[in-house]
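Worksheet: one structure, shown below.
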There are 2 protein chains.
Amino acid sequence: MRVTTETKEATRQAILDATRALLRERGWENVSTRDIASAAGIANGTLFNYFPTKEAIVGALVADVLEKANGSLRDGTTEEQLFALIAAGLRGLRAFRPFLPYVIDSLLAPSERTMRDHETDRIRDEHLAEVERIVGQRLSPMLRHLYWSLYSGVVTFWVADQSTRQEETLAFLDQSTALFVASLRTKLGKESRK
Amino acid sequence: MRVTTETKEATRQAILDATRALLRERGWENVSTRDIASAAGIANGTLFNYFPTKEAIVGALVADVLEKANGSLRDGTTEEQLFALIAAGLRGLRAFRPFLPYVIDSLLAPSERTMRDHETDRIRDEHLAEVERIVGQRLSPMLRHLYWSLYSGVVTFWVADQSTRQEETLAFLDQSTALFVASLRTKLGKESRK
DNA sequence: GGCATATTATGAGCACGCTCATATTAAGCC
DNA sequence: GGCTTAATATGAGCGTGCTCATAATATGCC
């Protein structure tokens, strides 16, 4: 047996699986934490030993998906790599799209805002680390914020995009990455290069 | 007496005044809708005859403030006018800053997300109308979304800005407006010009 | 004023996310 | 196995935002 009983990890997975399944079939508002707990075979209170908030559960699911998008294109121009990174992330999130609007804000916002859930910081930091790898330089706090604003913009655009194959989103994404790369070449970008 | 009893407007104002006062002294999380209702001298249920959600009350306060920022600078370059518009808005929001993080998302998001509160659309549409006036052209949906992403970025940056006189925010704002104006001159910008 | 009808106010009640004192179980040691 | 102690599970209970059947009140007409 492991250091802590390995049922611990199994329970965590049961929660994630139950959440994924329930959300897909019934949406965010029609699934309560009690529903998730009982589907995972635990008491309601136990759920909160594993995740601090309902949103944090989805946060873990999203973090998983986004992590897989990292390094999806290892050559090409900076623009192309950024484009590929984000497009791959969105592709992975497709199944979450119907209920993503309900959690997107808490996922994209810094944790100081929810003041409980630090998972959101992990998602952001890991994504930004990948971006820094692609652009080949460390980003100033301002550039990080700028990138995240544009990235949030793309995600919220995508969430509402009704066009059949999300061409609108891809066009917007193209514009946004170009804009970010362009701003790397301004004063602000130069400053953060070591 | 007016068409509808004029106490109606008085009640609305009482709610807004009570909300403003309570939030300033006790913050978002320590003020319940029951608190607001009783401070305004009405029953809890009555509150929801006037505003659909707790956030919507703050939305009305914010809308008031932002409206006053419109047309604050009527000459100067496009960049300068945009800068002035946004800076004036932030100045007006100063008193709200401590609790703004709790509502900012629901204010900046399109109403489809909250699915109840259309006040947020009004704020966005009025602000964008002013932006269109300044840049002297109608904006395509994509450019509107791009502007709003950047604007949201500035606001969330400002909310977290610890620098003494918000110089960081002003620098970021400068960068953001420049970026937006630059993107007006690209293909995307040209397309939306009539 | 008196009656009928439309508006607005009311607060008990609902389901929710989340907490916390207590009960249950597992781990470590002899 | 028995005993002790630390980790985990439990679910009653809290306060919340919000709803809705009902009560109170205002309006329009005679």
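Each chain in the structure tokens gets a letter, A, B and so on, in the order shown; residues start at 1 in every chain, and ligands are counted from 1 in the order they appear.
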
- [ ] Find the spatial neighbours of DA6 in chain C, counting only C-alpha atoms (C1' of nucleotides), within a cut-off of 12 Å - ignore same-chain residues fewer than 4 positions away - and output them as a list in words.
- [x]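 My reading of the contact set: Thr4 of chain B; DT25, DA26, DT27 and DG28 of chain D.
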
- [ ] Tell me which protein, DNA and RNA residues are within 7 Å of range 16-25 of chain A, counting only C-alpha atoms (C1' of nucleotides), leaving out same-chain ones fewer than 4 positions away, and put them as a ChimeraX atom specification.
- [x] /A:12,31,36,39-40,57

Keeping only C-alpha atoms, write the selected residues as a CSV table (one decimal), in the first residue's frame.
```csv
chain,number,residue,atom,x,y,z
A,12,ARG,CA,-10.3,12.0,-6.7
A,31,VAL,CA,-25.9,19.6,-11.3
A,36,ILE,CA,-21.6,14.9,-7.9
A,39,ALA,CA,-22.5,9.9,-8.2
A,40,ALA,CA,-18.9,9.5,-6.9
A,57,ILE,CA,-13.4,20.6,-10.0
```

TODO: Specify as a VMD selection string all residues of chain D found within 8 Å of chain A, counting only C-alpha atoms (C1' of nucleotides).
DONE: chain D and resid 9 to 11

Write to file, as a PDB file, in the first residue's frame, the residues of the selection just made, with N, CA and C atoms (P, O5', C5', C4', C3', O3' and C1' of nucleotides).
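Output saved as part.pdb:
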```pdb
ATOM      1  P    DA D   9     -11.775  10.426   2.558  1.00  0.00           P
ATOM      2  O5'  DA D   9     -12.938  10.224   3.618  1.00  0.00           O
ATOM      3  C5'  DA D   9     -13.200   8.913   4.099  1.00  0.00           C
ATOM      4  C4'  DA D   9     -14.576   8.852   4.751  1.00  0.00           C
ATOM      5  C3'  DA D   9     -15.696   9.465   3.917  1.00  0.00           C
ATOM      6  O3'  DA D   9     -16.838   8.628   4.026  1.00  0.00           O
ATOM      7  C1'  DA D   9     -15.511  10.620   5.988  1.00  0.00           C
ATOM      8  P    DT D  10     -18.213   9.016   3.368  1.00  0.00           P
ATOM      9  O5'  DT D  10     -18.931   9.783   4.554  1.00  0.00           O
ATOM     10  C5'  DT D  10     -19.283   9.069   5.734  1.00  0.00           C
ATOM     11  C4'  DT D  10     -20.025   9.979   6.679  1.00  0.00           C
ATOM     12  C3'  DT D  10     -21.198  10.705   6.022  1.00  0.00           C
ATOM     13  O3'  DT D  10     -22.397  10.196   6.553  1.00  0.00           O
ATOM     14  C1'  DT D  10     -19.899  12.155   7.415  1.00  0.00           C
ATOM     15  P    DG D  11     -23.711  10.077   5.702  1.00  0.00           P
ATOM     16  O5'  DG D  11     -24.557  11.301   6.272  1.00  0.00           O
ATOM     17  C5'  DG D  11     -24.785  11.385   7.679  1.00  0.00           C
ATOM     18  C4'  DG D  11     -25.115  12.823   8.059  1.00  0.00           C
ATOM     19  C3'  DG D  11     -26.142  13.504   7.146  1.00  0.00           C
ATOM     20  O3'  DG D  11     -26.915  14.407   7.931  1.00  0.00           O
ATOM     21  C1'  DG D  11     -24.223  14.776   7.172  1.00  0.00           C
TER      22       DG D  11
END
```

Task: Test item: residues at most 12 Å from range 86-93 of chain B, only C-alpha atoms (C1' of nucleotides), excluding those fewer than 4 positions along its chain, as a ChimeraX atom specification - done: /B:20,58-59,61-73,79-82,97-101,104,123,127-128,130-131,147-148,150-159,161,165-167,169-174,176-177

Open item on the list: If DSSP is run on the backbone, what residues of range 7-192 of chain B are alpha helix (DSSP H)? A reply as a VMD selection string would be ideal.
Closed with: chain B and resid 7 to 26 33 to 39 44 to 50 54 to 69 78 to 93 104 to 108 111 to 114 119 to 135 141 to 160 167 to 184 187 to 192

Open item on the list: Counting only C-alpha atoms (C1' of nucleotides), a student should be able to say which residues of chain C come within 9 Å of chain A; what is the right answer, written as a ChimeraX atom specification?
Closed with: /C:16-19,26

Task: Two-atom distance - CA of Tyr102 in chain B, CA of Trp28 in chain A (Å) - done: 20.2 Å

- [ ] Kindly give the distance, in Å, that separates C1' of DT10 in chain C and C1' of DC20 in chain D, rounded to a single decimal.
- [x] 10.8 Å
